[in-house]
$ cat structure-v3.cif   # mmCIF, C-alpha atoms
data_structure
loop_
_atom_site.label_atom_id
_atom_site.label_comp_id
_atom_site.auth_asym_id
_atom_site.auth_seq_id
_atom_site.Cartn_x
_atom_site.Cartn_y
_atom_site.Cartn_z
CA GLN A 868 -26.57 -134.23 -112.07
CA VAL A 869 -26.08 -131.34 -114.50
CA HIS A 870 -26.30 -127.69 -113.56
CA LEU A 871 -27.13 -125.05 -116.16
CA VAL A 872 -26.35 -121.35 -115.86
CA GLU A 873 -27.99 -119.04 -118.38
CA SER A 874 -27.13 -115.45 -119.17
CA GLY A 875 -27.70 -112.79 -121.79
CA GLY A 876 -31.38 -111.97 -121.61
CA GLY A 877 -32.69 -108.43 -121.42
CA LEU A 878 -34.70 -105.69 -123.05
CA VAL A 879 -34.10 -104.76 -126.67
CA GLN A 880 -35.94 -102.82 -129.34
CA ALA A 881 -37.46 -104.55 -132.33
CA GLY A 882 -34.82 -105.25 -134.94
CA GLY A 883 -32.10 -105.51 -132.31
CA SER A 884 -29.95 -108.42 -131.23
CA LEU A 885 -29.19 -110.40 -128.12
CA ARG A 886 -26.92 -113.31 -127.39
CA LEU A 887 -27.87 -115.95 -124.85
CA SER A 888 -25.36 -118.27 -123.21
CA CYS A 889 -25.86 -121.45 -121.24
CA ALA A 890 -23.01 -123.20 -119.48
CA ALA A 891 -23.39 -126.77 -118.26
CA SER A 892 -21.43 -128.29 -115.41
CA GLY A 893 -21.50 -131.54 -113.47
CA SER A 894 -21.91 -135.01 -114.95
CA ILE A 895 -21.38 -134.16 -118.60
CA PHE A 896 -21.30 -137.17 -120.89
CA SER A 897 -19.95 -137.28 -124.39
CA ILE A 898 -23.23 -137.68 -126.26
CA ASN A 899 -25.64 -134.90 -125.57
CA ARG A 900 -27.77 -132.16 -127.05
CA MET A 901 -28.18 -128.65 -125.72
CA GLY A 902 -30.64 -126.08 -126.82
CA TRP A 903 -33.13 -123.37 -126.17
CA TYR A 904 -36.86 -123.37 -125.63
CA ARG A 905 -39.12 -120.47 -124.81
CA ARG A 906 -42.43 -119.77 -123.13
CA ALA A 907 -44.34 -116.64 -123.99
CA PRO A 908 -47.09 -115.35 -121.69
CA GLY A 909 -50.19 -117.50 -122.02
CA LYS A 910 -48.48 -120.00 -124.32
CA GLN A 911 -46.85 -123.38 -123.99
CA ARG A 912 -43.12 -123.83 -124.00
CA GLU A 913 -41.79 -124.35 -127.52
CA LEU A 914 -38.58 -125.36 -129.20
CA VAL A 915 -36.36 -122.57 -130.48
CA ALA A 916 -33.14 -124.33 -131.48
CA THR A 917 -30.95 -127.23 -130.39
CA ALA A 918 -27.46 -128.44 -131.18
CA ALA A 919 -25.84 -131.80 -130.60
CA ASN A 920 -22.23 -132.00 -129.53
CA GLY A 921 -21.61 -133.81 -132.80
CA GLY A 922 -22.65 -130.69 -134.71
CA SER A 923 -26.20 -131.28 -135.90
CA THR A 924 -28.65 -128.45 -135.30
CA ASP A 925 -32.41 -128.04 -135.32
CA TYR A 926 -34.39 -124.81 -135.59
CA ALA A 927 -38.02 -123.83 -135.25
CA ASP A 928 -39.35 -122.39 -138.49
CA PHE A 929 -40.12 -119.06 -136.90
CA VAL A 930 -36.43 -118.36 -136.10
CA LYS A 931 -34.77 -119.65 -139.25
CA GLY A 932 -32.64 -116.96 -140.80
CA ARG A 933 -32.72 -114.83 -137.64
CA PHE A 934 -31.31 -116.98 -134.83
CA THR A 935 -28.12 -119.03 -134.83
CA ILE A 936 -27.23 -121.68 -132.29
CA SER A 937 -23.64 -122.66 -131.65
CA ARG A 938 -21.65 -124.65 -129.12
CA ASP A 939 -18.26 -124.65 -127.49
CA ASN A 940 -17.91 -128.29 -126.49
CA GLY A 941 -14.71 -127.61 -124.57
CA LYS A 942 -16.64 -125.23 -122.32
CA ASN A 943 -19.89 -127.22 -122.40
CA THR A 944 -21.60 -124.01 -123.42
CA VAL A 945 -24.31 -123.32 -125.94
CA TYR A 946 -25.04 -119.92 -127.42
CA LEU A 947 -28.06 -118.45 -129.15
CA GLN A 948 -27.41 -115.42 -131.31
CA MET A 949 -30.72 -113.69 -131.89
CA ASN A 950 -30.92 -111.08 -134.62
CA SER A 951 -33.82 -109.13 -136.12
CA LEU A 952 -35.78 -109.60 -132.93
CA LYS A 953 -39.53 -109.09 -133.01
CA PRO A 954 -41.98 -108.26 -130.22
CA GLU A 955 -43.40 -111.77 -130.60
CA ASP A 956 -40.00 -113.16 -129.56
CA THR A 957 -40.71 -111.85 -126.07
CA ALA A 958 -40.60 -114.83 -123.73
CA VAL A 959 -38.67 -116.58 -121.02
CA TYR A 960 -35.94 -118.57 -122.72
CA TYR A 961 -34.89 -121.85 -121.13
CA CYS A 962 -31.74 -123.82 -121.71
CA LYS A 963 -32.10 -127.59 -121.92
CA TYR A 964 -29.45 -130.28 -121.67
CA SER A 965 -30.37 -133.75 -122.92
CA ASP A 966 -28.06 -136.57 -121.95
CA TYR A 967 -28.17 -139.40 -124.47
CA THR A 968 -26.31 -141.74 -122.11
CA THR A 969 -28.55 -141.46 -119.05
CA LEU A 970 -31.61 -140.24 -121.01
CA TYR A 971 -32.10 -137.46 -118.45
CA ASP A 972 -33.11 -133.91 -119.34
CA TYR A 973 -32.05 -130.88 -117.34
CA TRP A 974 -33.44 -127.38 -117.51
CA GLY A 975 -32.08 -123.99 -116.63
CA GLN A 976 -33.96 -121.42 -114.60
CA GLY A 977 -34.80 -119.31 -117.63
CA THR A 978 -33.82 -115.85 -118.78
CA GLN A 979 -36.27 -113.15 -119.80
CA VAL A 980 -36.09 -111.67 -123.28
CA THR A 981 -38.30 -108.65 -123.92
CA VAL A 982 -38.55 -107.03 -127.34
CA SER A 983 -40.23 -103.65 -127.46
CA SER A 984 -41.96 -102.34 -130.56
#
$ encode --input "structure-v3.cif" --output "structure tokens"
Amino acid sequence: QVHLVESGGGLVQAGGSLRLSCAASGSIFSINRMGWYRRAPGKQRELVATAANGGSTDYADFVKGRFTISRDNGKNTVYLQMNSLKPEDTAVYYCKYSDYTTLYDYWGQGTQVTVSS
């Protein structure tokens, strides 16, 4: 079992920045991927960015150049630095941990990000 604790959401004006954090604890195996997804009101959940513990990253096109994902493997923590935020980035952001050993996925509770125009 893996437990995820997210932090860093909030309210920000357009053009501002926020940094999300997600710390994983529990049965952490060596091969995994952590990342962020989001769900805006009335929309399906979508990929934002992910990062493997080996270093590879993946970004949705709509955040390239604005968001940066990073990891601290020693702390089992993933970060999402969000710059140049837009009102359309308003959503609940969910952390996801994918275990490549057990093939289980775990999700955080979500953190609200609201960008005002």
$ residues_around --input "structure-v3.cif" --residues "Gly877 of chain A" --least-positions-apart "5" --cutoff "12 Å" --atoms "all atoms listed in the file" --output "list in words"
Gly883, Ser884, Leu885, Arg886, Leu887, Met949, Leu952, Asp956, Thr957, Ala958, Val959, Tyr960, Gly977, Thr978, Gln979, Val980, Thr981, Val982 and Ser983 of chain A
$ closest_residue --input "structure-v3.cif" --among "A:Gly941, A:Val872, A:Arg900, A:Arg905" --to "Ser923 of chain A" --atoms "all atoms listed in the file"
A:Arg900
$ resolve_selection --input "structure-v3.cif" --expression "the PyMOL selection byres ((chain A and resi 912) around 12)" --output "list in words"
Trp903, Tyr904, Arg905, Arg906, Ala907, Pro908, Gly909, Lys910, Gln911, Glu913, Leu914, Val915, Ala958, Val959, Tyr960, Tyr961, Cys962, Lys963 and Gly977 of chain A
$ atom_distance --input "structure-v3.cif" --atom1 "atom CA of Tyr926 of chain A" --atom2 "atom CA of Gly902 of chain A"
9.6 Å
$ atom_distance --input "structure-v3.cif" --atom1 "atom CA of Met901 of chain A" --atom2 "atom CA of Pro954 of chain A"
25.0 Å
$ resolve_selection --input "structure-v3.cif" --expression "the PyMOL selection byres ((chain A and resi 932-935) around 7)" --output "PyMOL selection string"
chain A and resi 930-931+936-937+947-951
$ atom_distance --input "structure-v3.cif" --atom1 "atom CA of Tyr967 of chain A" --atom2 "atom CA of Ser888 of chain A"
21.4 Å
$ residues_around --input "structure-v3.cif" --residues "Arg938 of chain A" --least-positions-apart "6" --cutoff "8 Å" --atoms "all atoms listed in the file" --output "PDB file with C-alpha atoms, in the coordinates of the input"
ATOM      1  CA  ALA A 918     -27.460-128.440-131.180  1.00  0.00           C
ATOM      2  CA  ASN A 920     -22.230-132.000-129.530  1.00  0.00           C
ATOM      3  CA  THR A 944     -21.600-124.010-123.420  1.00  0.00           C
ATOM      4  CA  VAL A 945     -24.310-123.320-125.940  1.00  0.00           C
ATOM      5  CA  TYR A 946     -25.040-119.920-127.420  1.00  0.00           C
TER       6      TYR A 946
END
$ resolve_selection --input "structure-v3.cif" --expression "the PyMOL selection byres ((chain A and resi 969) around 12)" --output "list of chain:residue names"
A:Gln868, A:Val869, A:Ser894, A:Ile895, A:Phe896, A:Ser897, A:Ile898, A:Asn899, A:Tyr964, A:Ser965, A:Asp966, A:Tyr967, A:Thr968, A:Leu970, A:Tyr971, A:Asp972, A:Tyr973
$ closest_residue --input "structure-v3.cif" --among "A:Asn943, A:Thr924, A:Thr917, A:Ser984" --to "Leu871 of chain A" --atoms "all atoms listed in the file"
A:Asn943
$ build_atoms --input "structure-v3.cif" --residues "segment 915-931 of chain A" --atoms "N, CA, C and O atoms" --output "short mmCIF file (atom, residue, chain, number, x, y, z; two decimals), keeping the file's coordinate frame"
data_model
loop_
_atom_site.label_atom_id
_atom_site.label_comp_id
_atom_site.auth_asym_id
_atom_site.auth_seq_id
_atom_site.Cartn_x
_atom_site.Cartn_y
_atom_site.Cartn_z
N VAL A 915 -36.96 -123.65 -129.69
CA VAL A 915 -36.36 -122.57 -130.48
C VAL A 915 -35.26 -123.15 -131.37
O VAL A 915 -35.31 -123.04 -132.59
N ALA A 916 -34.25 -123.74 -130.74
CA ALA A 916 -33.14 -124.33 -131.48
C ALA A 916 -32.36 -125.27 -130.57
O ALA A 916 -32.27 -125.03 -129.36
N THR A 917 -31.81 -126.33 -131.14
CA THR A 917 -30.95 -127.23 -130.39
C THR A 917 -29.73 -127.59 -131.21
O THR A 917 -29.73 -127.48 -132.45
N ALA A 918 -28.69 -128.04 -130.52
CA ALA A 918 -27.46 -128.44 -131.18
C ALA A 918 -26.85 -129.62 -130.44
O ALA A 918 -26.69 -129.58 -129.22
N ALA A 919 -26.52 -130.64 -131.18
CA ALA A 919 -25.84 -131.80 -130.60
C ALA A 919 -24.34 -131.54 -130.53
O ALA A 919 -23.82 -130.72 -131.30
N ASN A 920 -23.67 -132.22 -129.62
CA ASN A 920 -22.23 -132.00 -129.53
C ASN A 920 -21.51 -132.53 -130.76
O ASN A 920 -20.36 -132.17 -131.01
N GLY A 921 -22.19 -133.35 -131.54
CA GLY A 921 -21.61 -133.81 -132.80
C GLY A 921 -21.75 -132.82 -133.94
O GLY A 921 -21.15 -133.00 -135.01
N GLY A 922 -22.56 -131.75 -133.72
CA GLY A 922 -22.65 -130.69 -134.71
C GLY A 922 -24.00 -130.49 -135.35
O GLY A 922 -24.25 -129.44 -135.94
N SER A 923 -24.90 -131.45 -135.26
CA SER A 923 -26.20 -131.28 -135.90
C SER A 923 -27.02 -130.24 -135.16
O SER A 923 -26.92 -130.11 -133.93
N THR A 924 -27.81 -129.48 -135.89
CA THR A 924 -28.65 -128.45 -135.30
C THR A 924 -30.09 -128.59 -135.77
O THR A 924 -30.35 -129.20 -136.81
N ASP A 925 -30.98 -128.00 -135.01
CA ASP A 925 -32.41 -128.04 -135.32
C ASP A 925 -32.99 -126.68 -134.94
O ASP A 925 -32.68 -126.17 -133.85
N TYR A 926 -33.81 -126.12 -135.83
CA TYR A 926 -34.39 -124.81 -135.59
C TYR A 926 -35.91 -124.86 -135.78
O TYR A 926 -36.41 -125.55 -136.66
N ALA A 927 -36.61 -124.06 -134.98
CA ALA A 927 -38.02 -123.83 -135.25
C ALA A 927 -38.14 -122.95 -136.48
O ALA A 927 -37.28 -122.10 -136.74
N ASP A 928 -39.18 -123.16 -137.25
CA ASP A 928 -39.35 -122.39 -138.49
C ASP A 928 -39.38 -120.89 -138.24
O ASP A 928 -38.87 -120.11 -139.05
N PHE A 929 -39.93 -120.49 -137.12
CA PHE A 929 -40.12 -119.06 -136.90
C PHE A 929 -38.82 -118.32 -136.56
O PHE A 929 -38.80 -117.09 -136.47
N VAL A 930 -37.70 -119.04 -136.37
CA VAL A 930 -36.43 -118.36 -136.10
C VAL A 930 -35.40 -118.58 -137.20
O VAL A 930 -34.31 -117.99 -137.15
N LYS A 931 -35.73 -119.39 -138.18
CA LYS A 931 -34.77 -119.65 -139.25
C LYS A 931 -34.42 -118.37 -139.98
O LYS A 931 -35.27 -117.58 -140.36
#
